[in-house]
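Engineer: Sharing a structure, written as structure tokens. Questions coming.
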Amino acid sequence: MQNDDVIWSIISKTFCSFKVYTRVHNEKLCRNEFNLTGQCARRYCPLANSRYATVREKDGICYLYMKTIERAAFPFKHWEKIKLSKNFEKALKQIDEYLIFWPRIFKDKCKQRLTKITQYLIRMRKLQLYGRRKVVTVRRKLEKREKIREAKAWKAAKLDNAIEKELLERLKKGTYGDVYNLPSVAFDNVLEQEATDDEDEDKAQAEYEAENESEEEQEGEVEYIADEEFEESDASDMEDIAKPTEDSSEDEESVSSKDKGKSIKGKKGKMKRARVEIEYEEERETPAKQRSTTLF
């Protein structure tokens with residue numbers, strides 16, 4: 001059977017793995033995870049109290065842990081774990097509900113621990129949002145070495161490319177004749193590039209010839225138009241050209257024999273133009289107005 005006084009007498013006077021002494025005031029502290037305040041005292045020791053309660057945080061969520069003497073014989077079910085709400089006021093109400101018949105000191109200390117945990121969780125979220133500057137050491141000697149190596153590698157790459165180009169040009173010209181010791185990878189790459197360029201030119205030329213052939217085929221085609229597309233205005237214009245008007249005949253009689261040439265030219269010009277008919281409406285006076293005029 002568990003006896004709290006016997007356990008505390010052994011822990012306080014002899015060795016305890018969770019006990020820590022401070023250097024300044026030589027105070028005793030407790031490193032146990034379930035300790036409420038962190039102090040090594042009789043009322044706050046989770047080992048020497050068969051009835052104990054505390055608040056812990058895990059992954060940003062607060063939990064209420066409770067231990068009773070009825071579960072002392074079952075180490076697997078020693079602590080009862082209850083998830084608290086994220087809302088601070090609701091979490092305080094939950095503590096009051098679950099610890100309603102417990103000593104007041106456990107209620108107050110659990111509430112204080114909950115407030116501390118919520119405060120440092122808020123600070124953690126703010127730090128994650130705003131971020132912090134990281135101080136990084138700079139190795140100057142290592143950076144100098146890397147810069148020198150980069151410059152050397154860049155020069156070597158330029159030389160390799162220039163030598164490769166010169167050798168390929170000489171191979172194309174045939175200055176060396178049949179060379180068997182040369183690696184044929186670069187030469188094959190150049191040949192492939194030239195083959196792809198020739199294929200692109202052949203495709204472009206074939207497309208151009210196809211377009212020209214289609215245009216030539218369209219030149220000899222004959223299209224037929226329906227009667228509906230032939231407008232009535234065109235037919236009226238043709239009738240005007242075929243038949244001379246009565247007005248033109250009257251003008252010919254009035255013109256003298258000296259100006260016959262001029263009248264013929266003017267007639268041709270009128271024939272080409274579209275005929276315009278002008279109608280005049282005469283307003284007749286009412287009999288009342290006529291009577292008034294006769295009196296005067």
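FYI, nothing fancy with the structure tokens labels: chains A, B, ... in order, residues from 1 per chain, ligands from 1 as they appear.
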Within 12 Å of Ser17 of chain A, counting only C-alpha atoms, which residues show up once you throw out same-chain ones fewer than 3 positions away? Write them as a PDB file with N, CA and C atoms, in the first residue's frame, please.
Structural biologist:
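Generated output (selection30.pdb):
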```pdb
ATOM      1  N   ILE A  11      12.769  10.431  -0.052  1.00  0.00           N
ATOM      2  CA  ILE A  11      13.201  11.293  -1.166  1.00  0.00           C
ATOM      3  C   ILE A  11      13.885  12.544  -0.646  1.00  0.00           C
ATOM      4  N   SER A  12      13.338  13.153   0.396  1.00  0.00           N
ATOM      5  CA  SER A  12      13.869  14.437   0.869  1.00  0.00           C
ATOM      6  C   SER A  12      15.242  14.297   1.527  1.00  0.00           C
ATOM      7  N   THR A  14      17.372  11.421   1.329  1.00  0.00           N
ATOM      8  CA  THR A  14      18.340  10.638   0.547  1.00  0.00           C
ATOM      9  C   THR A  14      18.313  11.084  -0.923  1.00  0.00           C
ATOM     10  N   VAL A  20      17.505  18.800  -8.037  1.00  0.00           N
ATOM     11  CA  VAL A  20      18.592  19.648  -8.549  1.00  0.00           C
ATOM     12  C   VAL A  20      18.806  20.771  -7.543  1.00  0.00           C
ATOM     13  N   TYR A  21      20.091  21.077  -7.271  1.00  0.00           N
ATOM     14  CA  TYR A  21      20.445  22.161  -6.354  1.00  0.00           C
ATOM     15  C   TYR A  21      20.964  23.354  -7.162  1.00  0.00           C
ATOM     16  N   LEU A  29      15.304  22.144  -6.657  1.00  0.00           N
ATOM     17  CA  LEU A  29      14.337  22.170  -7.760  1.00  0.00           C
ATOM     18  C   LEU A  29      14.075  20.743  -8.236  1.00  0.00           C
ATOM     19  N   CYS A  30      12.930  20.565  -8.904  1.00  0.00           N
ATOM     20  CA  CYS A  30      12.513  19.255  -9.388  1.00  0.00           C
ATOM     21  C   CYS A  30      12.421  19.276 -10.913  1.00  0.00           C
ATOM     22  N   ARG A  31      12.995  18.228 -11.563  1.00  0.00           N
ATOM     23  CA  ARG A  31      12.986  18.112 -13.024  1.00  0.00           C
ATOM     24  C   ARG A  31      11.912  17.150 -13.529  1.00  0.00           C
ATOM     25  N   ASN A  32      11.016  16.718 -12.663  1.00  0.00           N
ATOM     26  CA  ASN A  32       9.953  15.809 -13.087  1.00  0.00           C
ATOM     27  C   ASN A  32       8.967  16.544 -14.016  1.00  0.00           C
ATOM     28  N   CYS A  40      11.034  21.522  -5.394  1.00  0.00           N
ATOM     29  CA  CYS A  40      11.091  20.247  -4.666  1.00  0.00           C
ATOM     30  C   CYS A  40      10.529  20.475  -3.259  1.00  0.00           C
ATOM     31  N   LEU A  47       5.610  12.426  -6.832  1.00  0.00           N
ATOM     32  CA  LEU A  47       5.839  11.055  -6.353  1.00  0.00           C
ATOM     33  C   LEU A  47       5.297  10.836  -4.948  1.00  0.00           C
TER      34      LEU A  47
END
```
Engineer: When DSSP is applied to the backbone of this structure, which of segment 44-120 of chain A are assigned strand (DSSP E or B)? Write them out as a ChimeraX atom specification.
Structural biologist: /A:52-58,61-67,79-83
Engineer: Those same residues - C-alpha atoms - I'd like them written as a CSV table (one decimal), in the first residue's frame.
Structural biologist:
```csv
chain,number,residue,atom,x,y,z
A,52,TYR,CA,-2.2,15.1,-7.9
A,53,ALA,CA,-3.1,17.2,-10.8
A,54,THR,CA,-1.1,19.2,-13.4
A,55,VAL,CA,-1.3,20.9,-16.8
A,56,ARG,CA,1.0,20.0,-19.7
A,57,GLU,CA,1.4,21.1,-23.3
A,58,LYS,CA,2.0,18.9,-26.4
A,61,ILE,CA,-2.5,21.7,-27.2
A,62,CYS,CA,-2.9,21.8,-23.4
A,63,TYR,CA,-3.9,18.7,-21.4
A,64,LEU,CA,-5.0,18.2,-17.8
A,65,TYR,CA,-3.4,15.3,-16.0
A,66,MET,CA,-5.0,13.8,-12.9
A,67,LYS,CA,-3.8,11.1,-10.5
A,79,TRP,CA,-2.7,9.3,-15.0
A,80,GLU,CA,-6.0,10.5,-16.5
A,81,LYS,CA,-5.5,12.7,-19.6
A,82,ILE,CA,-8.1,15.4,-20.5
A,83,LYS,CA,-7.8,17.7,-23.5
```
Engineer: For the structure I just gave you, how does DSSP split segment 104-188 of chain A - specifically, which residues are helix (DSSP H, G or I)? Reply as a VMD selection string.
Structural biologist: chain A and resid 104 to 130 140 to 173 185 to 188
Engineer: Smallest atom-to-atom distance to Thr118 of chain A: which of A:Val135, A:Leu92, A:Val24, A:Ile105, using only C-alpha atoms?
Structural biologist: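 Between A:Val135, A:Leu92, A:Val24, A:Ile105, the residue approaching Thr118 of chain A most closely is A:Leu92.
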Engineer: From the set A:Ala153, A:Val6, A:Leu84, A:Ile69, which residue has the shortest atom-to-atom contact distance to Ala48 of chain A, counting only C-alpha atoms?
Structural biologist: A:Val6
